[in-house]
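Worksheet: the structure to be examined is printed underneath.
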Amino acid sequence: MMEIRSAALIVNAQSRRGRKMFKHACRRLRDLPFKVSPHAVKNPAHLDRTVRQALEAKPDLVILGGGDGTISGLVDLLVGHDVVLGVLPLGTANSFARTLGLPLDIDGAIDVLASGVPKRIDLGMIDQDYFANCAAMGLSPQIAETVPHRLKKVAGRVGYLGWAAYQLGKFRPFTLFVDDGSGEKELRVVEVRISNGPYHGGTWLVDEASVTSGKIVVQAVRGHYKRRLVTNWAWSFLGRPERHHDTVSFTGTSIRVRTDPPLPISIDGEVLAHTPVTAHVAAGVIEVMVPRASN
């Protein structure tokens, strides 16, 4: 196992919580047995540049603090570097951290940086863009594309849920065409998940997905009516086996996906692509620090 001698911490500090957690993390990181160079980035547009600059110092560990979107958007920059990824879960869902078995509190996550072990994992890809956990088509990107920023800022989670309910009223099922190499299949669906890990929105949804499987999973929620989506979400949130009644999964190293009509794709919460796309797995392409027991 490689010895960690130096690290860089990059935190998305746009939010008040991000700034507060950055200060707390810096205090805790002083107790680690290696030097950590901290960077609080208040403008998300500067995150890429900050990570690139941090990598120039050739740290053994790059710690990313933020939500799933922040981590997924920056993980591309670490591929090809001899560096281990550390995760501080500062988001709402923290699906990637859940997939890795990390504690969701800052103190627990920092303990993993001190006592954990590097684990080589897969990343997903949408065409040539790496992502950490899960991409989605359906209501999720419809919400992400349309929710007013001020509504999220002023009304918070309540405002977001209200907007989701409003968008559900406008949402329509769509047709999915998926080819896992055995020929194209056509399905009428209400949601599609392209998964490298089992969690989406902080909820366990895709049993077949694993960051060490060497496979990508496309899971479709079948249905001609949007109530199927509400039902599937409810069963999934409750962890009930009924959540599988309306789902079908396709597994492979490369899967072609298109929809009618063409739709946006949210990648770990950020709308970054549109159908048609090819979903790939980048097997064992990065190392990440995980709890010793889960290695």
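We name chains A, B, ... following the order of the structure tokens; residues begin at 1 in each chain, and ligands are numbered from 1 as shown.
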**OP:** Would you mind listing what lies within 8 Å of Phe34 of chain A as a list of chain:residue names, with only C-alpha atoms counted and same-chain residues fewer than 3 positions away left out?
**Re:**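 The contact residues come out as A:Ile4, A:Arg5, A:Ser6, A:Ala7.
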Subject >> All residues 9 Å or closer to Thr70 of chain A, only C-alpha atoms, same chain fewer than 2 positions away omitted, as a PyMOL selection string >> reply: chain A and resi 11-12+44+47+64-68+72-75+91+268
Just the residues within 9 Å of Phe250 of chain A, please, counting only C-alpha atoms, with nothing from its chain fewer than 6 positions along; format it as a PDB file with C-alpha atoms, in the first residue's frame.
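What follows is the written file result14.pdb:
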ATOM      1  CA  VAL A 178     -31.211   0.551 -25.751  1.00  0.00           C
ATOM      2  CA  ASP A 179     -28.578  -1.720 -27.299  1.00  0.00           C
ATOM      3  CA  ASP A 180     -26.236  -3.696 -25.041  1.00  0.00           C
ATOM      4  CA  ILE A 216     -22.091  -0.227 -16.568  1.00  0.00           C
ATOM      5  CA  VAL A 217     -25.807  -0.718 -15.862  1.00  0.00           C
ATOM      6  CA  VAL A 218     -28.738   0.907 -17.657  1.00  0.00           C
ATOM      7  CA  GLN A 219     -31.889   0.504 -15.578  1.00  0.00           C
ATOM      8  CA  ALA A 220     -35.257   1.493 -17.035  1.00  0.00           C
TER       9      ALA A 220
END
**OP:** Might you pull out every residue within 8 Å of Arg243 of chain A, with only C-alpha atoms counted and same-chain residues fewer than 5 positions away left off, and present them as a list in words?
**Re:** Thr231, Asn232, Trp233, Trp235 and Ser236 of chain A
Original post:
Taking into account only C-alpha atoms, which residue in the set A:Val257, A:Ala132, A:Ile106, A:Leu176 is nearest to Thr275 of chain A?
Top reply: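 Of A:Val257, A:Ala132, A:Ile106, A:Leu176, the one nearest Thr275 of chain A, counting only C-alpha atoms, is A:Val257.
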Original post:
Looking at only C-alpha atoms, which of A:Ala13, A:Val281, A:Val230, A:Val112 is the one that sits closest to Cys134 of chain A?
Top reply: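 With only C-alpha atoms as the atom set, the closest residue is A:Val281.
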**OP:** Return the single residue from A:Gly183, A:Gly86, A:Gly252, A:Gly162 that is closest to Ser195 of chain A, with distances computed using only C-alpha atoms.
**Re:** A:Gly252
**OP:** Output as a list of chain:residue names all residues of segment 206-276 of chain A that backbone DSSP marks as alpha helix (DSSP H).
**Re:**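 Restricting segment 206-276 of chain A to alpha helix (DSSP H) produces A:Arg227, A:Arg228, A:Leu229, A:Val230, A:Thr231, A:Asn232, A:Trp233, A:Ala234, A:Trp235, A:Ser236, A:Phe237.
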Subject >> Counting only C-alpha atoms, the option among A:Ile10, A:Gly181, A:Gln142, A:Ala136 closest to Leu85 of chain A >> reply: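 That would be A:Ile10, the residue with the smallest distance to Leu85 of chain A.
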Subject >> Two-atom distance - atom CA of Asp127 of chain A, atom CA of Arg256 of chain A (Å) >> reply: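 Result for atom CA of Asp127 of chain A versus atom CA of Arg256 of chain A: 9.5 Å, one decimal.
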**OP:** Return the single residue from A:Ala97, A:Ile286, A:Met21, A:Ile267 that is closest to Leu78 of chain A, with distances computed using only C-alpha atoms.
**Re:**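 Checking each of A:Ala97, A:Ile286, A:Met21, A:Ile267 against Leu78 of chain A, counting only C-alpha atoms, the winner is A:Ile286.
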**OP:** Work out how far apart atom CA of Ala93 of chain A and atom CA of Asp60 of chain A are and give it in Å to one decimal.
**Re:**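 Rounded to one decimal, the two atoms are 27.4 Å apart.
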Original post:
Which of segment 81-273 of chain A counts as strand (DSSP E) under DSSP, as number ranges by chain please?
Top reply: A: 84-89, 117-126, 129-131, 134-137, 174-179, 184-195, 199-200, 203-204, 216-222, 247-252, 254-260, 264-267, 270-273
Original post:
Which one of A:Ala45, A:Ala283, A:Val211, A:Met289 sits closest to Val79 of chain A if you count only C-alpha atoms?
Top reply: A:Ala283
Original post:
What does the distance from atom CA of Ile143 of chain A to atom CA of Glu191 of chain A come to in Å, to one decimal?
Top reply: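 That distance, rounded to one decimal, is 13.1 Å.
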**OP:** Could you give me, as an MDAnalysis selection string, the residues within 8 Å of segment 50-55 of chain A, counting only C-alpha atoms and dropping anything in the same chain fewer than 3 positions from it?
**Re:** chainID A and resid 8 10 39 41 46:47 58:59 74 77
Give me, as CSV, each residue of segment 19-97 of chain A that comes within 9 Å of segment 200-204 of chain A, together with its shortest interatomic pair and the distance in Å at one decimal, counting only C-alpha atoms, with rows ordered by chain and rising residue number.
residue,atom,partner,partner_atom,distance
A:Thr92,CA,A:Gly202,CA,7.9
A:Ala93,CA,A:Gly202,CA,4.3
A:Asn94,CA,A:Gly202,CA,6.1
A:Ser95,CA,A:Gly202,CA,4.8
A:Phe96,CA,A:Gly202,CA,8.6
